[in-house]
Amino acid sequence: MSTTPDLARSLWVKSSYSDVNGGTCVEWAPALAPTGVVPVRDSKNLDGPVLTVPVPSWSAFVAWEKSSYSEGNGGQCLEWAPGHVPTGVVPVRDSKSPDGPVLAVSAASWSASVTGVKSADRLAV
């Protein structure tokens, strides 16, 4: 018995970060998540290798977290995707517009920005 999911009839969804010119094209097969893994592939190489990622790891990678500085009334709503930090790029977006543009910030710049905000808070007290 094989534990590898059958990908032959999978519905592949292109990442919202993929562009129309063929850059950064990653696809995933969300319907297979109940099997315990999320298949991921390069959409430019449909017959190429498929990476199967455990669901908890995939969820952590694509999750967005609201900044602790965001207010409960909808003001100052910044979200970031911490699962991307190991890639060297941190996606940042306006939580009031989740389908809007995403700013890709280097992990080093993100870290420096967070440190700067925290330092400014300590000075303001």
# chains A, B, ... in the order shown; residues from 1 in each chain; ligands from 1
call {"tool": "closest_atom_pairs", "arguments": {"of": "range 14-109 of chain A", "to": "range 114-118 of chain A", "cutoff": "12 Å", "atoms": "only C-alpha atoms", "output": "CSV"}}
result
residue,atom,partner,partner_atom,distance
A:Ser67,CA,A:Val114,CA,10.1
A:Ser68,CA,A:Val114,CA,10.9
A:Tyr69,CA,A:Val117,CA,9.7
A:Trp80,CA,A:Val114,CA,11.6
A:Val105,CA,A:Val114,CA,12.0
A:Ala107,CA,A:Val114,CA,10.6
A:Ala108,CA,A:Val114,CA,10.1
A:Ser109,CA,A:Val114,CA,8.6
call {"tool": "write_last_selection", "arguments": {"atoms": "N, CA, C and O atoms", "output": "mmCIF file, in the first residue's frame"}}
result
data_model
loop_
_atom_site.group_PDB
_atom_site.id
_atom_site.type_symbol
_atom_site.label_atom_id
_atom_site.label_comp_id
_atom_site.auth_asym_id
_atom_site.auth_seq_id
_atom_site.Cartn_x
_atom_site.Cartn_y
_atom_site.Cartn_z
ATOM 1 N N SER A 67 0.081 42.210 13.550
ATOM 2 C CA SER A 67 1.035 42.883 14.414
ATOM 3 C C SER A 67 0.422 43.152 15.780
ATOM 4 O O SER A 67 -0.754 43.493 15.898
ATOM 5 N N SER A 68 1.230 43.021 16.813
ATOM 6 C CA SER A 68 0.747 43.317 18.166
ATOM 7 C C SER A 68 0.459 44.809 18.325
ATOM 8 O O SER A 68 -0.175 45.229 19.278
ATOM 9 N N TYR A 69 0.909 45.620 17.370
ATOM 10 C CA TYR A 69 0.646 47.058 17.407
ATOM 11 C C TYR A 69 -0.675 47.418 16.723
ATOM 12 O O TYR A 69 -1.075 48.569 16.730
ATOM 13 N N TRP A 80 1.980 40.045 8.920
ATOM 14 C CA TRP A 80 3.199 39.505 8.331
ATOM 15 C C TRP A 80 3.130 37.992 8.373
ATOM 16 O O TRP A 80 2.344 37.411 9.114
ATOM 17 N N VAL A 105 9.673 42.165 2.123
ATOM 18 C CA VAL A 105 10.735 42.855 2.840
ATOM 19 C C VAL A 105 11.814 41.840 3.195
ATOM 20 O O VAL A 105 11.495 40.717 3.603
ATOM 21 N N ALA A 107 14.338 39.803 5.346
ATOM 22 C CA ALA A 107 14.231 39.437 6.763
ATOM 23 C C ALA A 107 15.085 40.353 7.627
ATOM 24 O O ALA A 107 14.681 40.732 8.727
ATOM 25 N N ALA A 108 16.244 40.749 7.118
ATOM 26 C CA ALA A 108 17.122 41.647 7.876
ATOM 27 C C ALA A 108 16.475 43.018 8.065
ATOM 28 O O ALA A 108 16.527 43.605 9.151
ATOM 29 N N SER A 109 15.861 43.539 7.005
ATOM 30 C CA SER A 109 15.182 44.841 7.105
ATOM 31 C C SER A 109 13.986 44.759 8.040
ATOM 32 O O SER A 109 13.720 45.689 8.807
#
call {"tool": "residues_around", "arguments": {"residues": "Trp12 in chain A", "least_positions_apart": "5", "cutoff": "7 Å", "atoms": "only C-alpha atoms", "output": "MDAnalysis selection string"}}
result
chainID A and resid 27:29
call {"tool": "residues_around", "arguments": {"residues": "Asp94 in chain A", "least_positions_apart": "2", "cutoff": "7 Å", "atoms": "only C-alpha atoms", "output": "list in words"}}
result
Cys77, Leu78, Glu79, Lys96, Ser97 and Pro98 of chain A
call {"tool": "closest_residue", "arguments": {"among": "A:Ser10, A:Asp42, A:Lys66, A:Thr35", "to": "Ser95 in chain A", "atoms": "only C-alpha atoms"}}
result
A:Lys66
call {"tool": "select_by_dssp", "arguments": {"residues": "range 24-102 of chain A", "states": "helix (DSSP H, G or I)", "output": "list in words"}}
result
Pro30, Ala31, Leu32, Ala33, Pro34, Thr35, Val55, Pro56, Ser57, Trp58, Ser59, Ala60, Phe61, Val62, Pro82, Gly83, His84, Val85, Pro86 and Thr87 of chain A
call {"tool": "write_last_selection", "arguments": {"atoms": "N, CA, C and O atoms", "output": "mmCIF file, in the first residue's frame"}}
result
data_model
loop_
_atom_site.group_PDB
_atom_site.id
_atom_site.type_symbol
_atom_site.label_atom_id
_atom_site.label_comp_id
_atom_site.auth_asym_id
_atom_site.auth_seq_id
_atom_site.Cartn_x
_atom_site.Cartn_y
_atom_site.Cartn_z
ATOM 1 N N PRO A 30 -4.552 21.812 -2.757
ATOM 2 C CA PRO A 30 -5.197 21.890 -1.439
ATOM 3 C C PRO A 30 -6.152 20.748 -1.126
ATOM 4 O O PRO A 30 -6.333 20.398 0.044
ATOM 5 N N ALA A 31 -6.746 20.138 -2.127
ATOM 6 C CA ALA A 31 -7.720 19.069 -1.868
ATOM 7 C C ALA A 31 -7.068 17.840 -1.241
ATOM 8 O O ALA A 31 -7.751 17.004 -0.653
ATOM 9 N N LEU A 32 -5.749 17.731 -1.337
ATOM 10 C CA LEU A 32 -5.067 16.572 -0.772
ATOM 11 C C LEU A 32 -4.636 16.776 0.673
ATOM 12 O O LEU A 32 -4.100 15.858 1.304
ATOM 13 N N ALA A 33 -4.885 17.958 1.237
ATOM 14 C CA ALA A 33 -4.509 18.218 2.632
ATOM 15 C C ALA A 33 -5.082 17.186 3.612
ATOM 16 O O ALA A 33 -4.396 16.810 4.564
ATOM 17 N N PRO A 34 -6.307 16.684 3.403
ATOM 18 C CA PRO A 34 -6.823 15.670 4.329
ATOM 19 C C PRO A 34 -5.975 14.395 4.383
ATOM 20 O O PRO A 34 -6.084 13.616 5.323
ATOM 21 N N THR A 35 -5.101 14.177 3.397
ATOM 22 C CA THR A 35 -4.219 13.002 3.420
ATOM 23 C C THR A 35 -3.038 13.213 4.373
ATOM 24 O O THR A 35 -2.279 12.289 4.626
ATOM 25 N N VAL A 55 0.987 18.898 6.566
ATOM 26 C CA VAL A 55 -0.008 19.959 6.722
ATOM 27 C C VAL A 55 0.373 20.976 7.808
ATOM 28 O O VAL A 55 0.279 22.178 7.571
ATOM 29 N N PRO A 56 0.827 20.551 8.998
ATOM 30 C CA PRO A 56 1.183 21.562 10.012
ATOM 31 C C PRO A 56 2.304 22.501 9.551
ATOM 32 O O PRO A 56 2.270 23.697 9.818
ATOM 33 N N SER A 57 3.270 21.959 8.824
ATOM 34 C CA SER A 57 4.373 22.790 8.314
ATOM 35 C C SER A 57 3.868 23.759 7.256
ATOM 36 O O SER A 57 4.268 24.928 7.222
ATOM 37 N N TRP A 58 3.005 23.281 6.371
ATOM 38 C CA TRP A 58 2.448 24.142 5.327
ATOM 39 C C TRP A 58 1.613 25.262 5.953
ATOM 40 O O TRP A 58 1.734 26.418 5.576
ATOM 41 N N SER A 59 0.805 24.905 6.931
ATOM 42 C CA SER A 59 -0.037 25.907 7.594
ATOM 43 C C SER A 59 0.806 26.990 8.253
ATOM 44 O O SER A 59 0.493 28.176 8.164
ATOM 45 N N ALA A 60 1.884 26.586 8.888
ATOM 46 C CA ALA A 60 2.767 27.565 9.526
ATOM 47 C C ALA A 60 3.435 28.451 8.479
ATOM 48 O O ALA A 60 3.622 29.655 8.688
ATOM 49 N N PHE A 61 3.764 27.881 7.322
ATOM 50 C CA PHE A 61 4.441 28.627 6.271
ATOM 51 C C PHE A 61 3.546 29.697 5.652
ATOM 52 O O PHE A 61 3.999 30.787 5.340
ATOM 53 N N VAL A 62 2.271 29.393 5.483
ATOM 54 C CA VAL A 62 1.373 30.337 4.807
ATOM 55 C C VAL A 62 0.547 31.205 5.748
ATOM 56 O O VAL A 62 -0.207 32.067 5.308
ATOM 57 N N PRO A 82 5.281 35.046 9.315
ATOM 58 C CA PRO A 82 6.533 34.632 9.950
ATOM 59 C C PRO A 82 7.133 33.336 9.412
ATOM 60 O O PRO A 82 8.334 33.122 9.514
ATOM 61 N N GLY A 83 6.317 32.492 8.813
ATOM 62 C CA GLY A 83 6.832 31.245 8.262
ATOM 63 C C GLY A 83 7.804 31.435 7.118
ATOM 64 O O GLY A 83 8.533 30.524 6.745
ATOM 65 N N HIS A 84 7.838 32.635 6.557
ATOM 66 C CA HIS A 84 8.726 32.919 5.432
ATOM 67 C C HIS A 84 10.098 33.421 5.868
ATOM 68 O O HIS A 84 10.996 33.521 5.039
ATOM 69 N N VAL A 85 10.279 33.748 7.129
ATOM 70 C CA VAL A 85 11.550 34.315 7.597
ATOM 71 C C VAL A 85 12.752 33.467 7.168
ATOM 72 O O VAL A 85 13.749 34.013 6.689
ATOM 73 N N PRO A 86 12.695 32.129 7.272
ATOM 74 C CA PRO A 86 13.860 31.332 6.849
ATOM 75 C C PRO A 86 14.209 31.490 5.366
ATOM 76 O O PRO A 86 15.328 31.201 4.969
ATOM 77 N N THR A 87 13.274 31.965 4.556
ATOM 78 C CA THR A 87 13.562 32.162 3.126
ATOM 79 C C THR A 87 14.331 33.454 2.880
ATOM 80 O O THR A 87 14.815 33.683 1.780
#
call {"tool": "atom_distance", "arguments": {"atom1": "CA of Gly88 in chain A", "atom2": "CA of Ser113 in chain A"}}
result
14.7 Å
call {"tool": "select_by_dssp", "arguments": {"residues": "range 27-119 of chain A", "states": "strand (DSSP E or B)", "output": "list in words"}}
result
Glu27, Trp28, Val37, Val38, Pro39, Val40, Arg41, Asp42, Leu51, Thr52, Val53, Pro54, Glu65, Lys66, Leu78, Glu79, Trp80, Val89, Val90, Pro91, Val92, Arg93, Asp94, Leu103, Ala104, Val105 and Ser106 of chain A
call {"tool": "write_last_selection", "arguments": {"atoms": "C-alpha atoms", "output": "PDB file, in the first residue's frame"}}
result
ATOM      1  CA  GLU A  27       1.338  25.561  -7.285  1.00  0.00           C
ATOM      2  CA  TRP A  28      -0.209  23.460  -4.554  1.00  0.00           C
ATOM      3  CA  VAL A  37       0.391  16.382   3.170  1.00  0.00           C
ATOM      4  CA  VAL A  38       0.195  19.327   0.795  1.00  0.00           C
ATOM      5  CA  PRO A  39       1.787  18.679  -2.610  1.00  0.00           C
ATOM      6  CA  VAL A  40       3.741  21.656  -3.997  1.00  0.00           C
ATOM      7  CA  ARG A  41       5.333  21.977  -7.453  1.00  0.00           C
ATOM      8  CA  ASP A  42       6.833  24.428  -9.926  1.00  0.00           C
ATOM      9  CA  LEU A  51       7.397  18.295  -2.818  1.00  0.00           C
ATOM     10  CA  THR A  52       4.981  16.913  -0.217  1.00  0.00           C
ATOM     11  CA  VAL A  53       4.872  19.092   2.888  1.00  0.00           C
ATOM     12  CA  PRO A  54       3.207  17.981   6.134  1.00  0.00           C
ATOM     13  CA  GLU A  65      -0.091  37.099  11.959  1.00  0.00           C
ATOM     14  CA  LYS A  66      -1.461  40.481  12.895  1.00  0.00           C
ATOM     15  CA  LEU A  78      -0.334  45.228   9.617  1.00  0.00           C
ATOM     16  CA  GLU A  79       0.085  41.498   9.047  1.00  0.00           C
ATOM     17  CA  TRP A  80       3.199  39.505   8.331  1.00  0.00           C
ATOM     18  CA  VAL A  89      11.936  37.462   2.731  1.00  0.00           C
ATOM     19  CA  VAL A  90       9.040  38.509   4.969  1.00  0.00           C
ATOM     20  CA  PRO A  91       5.680  39.202   3.264  1.00  0.00           C
ATOM     21  CA  VAL A  92       3.820  42.168   4.814  1.00  0.00           C
ATOM     22  CA  ARG A  93       0.272  43.355   4.002  1.00  0.00           C
ATOM     23  CA  ASP A  94      -2.614  45.508   5.192  1.00  0.00           C
ATOM     24  CA  LEU A 103       5.215  43.993   0.252  1.00  0.00           C
ATOM     25  CA  ALA A 104       8.213  41.635   0.263  1.00  0.00           C
ATOM     26  CA  VAL A 105      10.735  42.855   2.840  1.00  0.00           C
ATOM     27  CA  SER A 106      14.129  41.284   3.442  1.00  0.00           C
TER      28      SER A 106
END
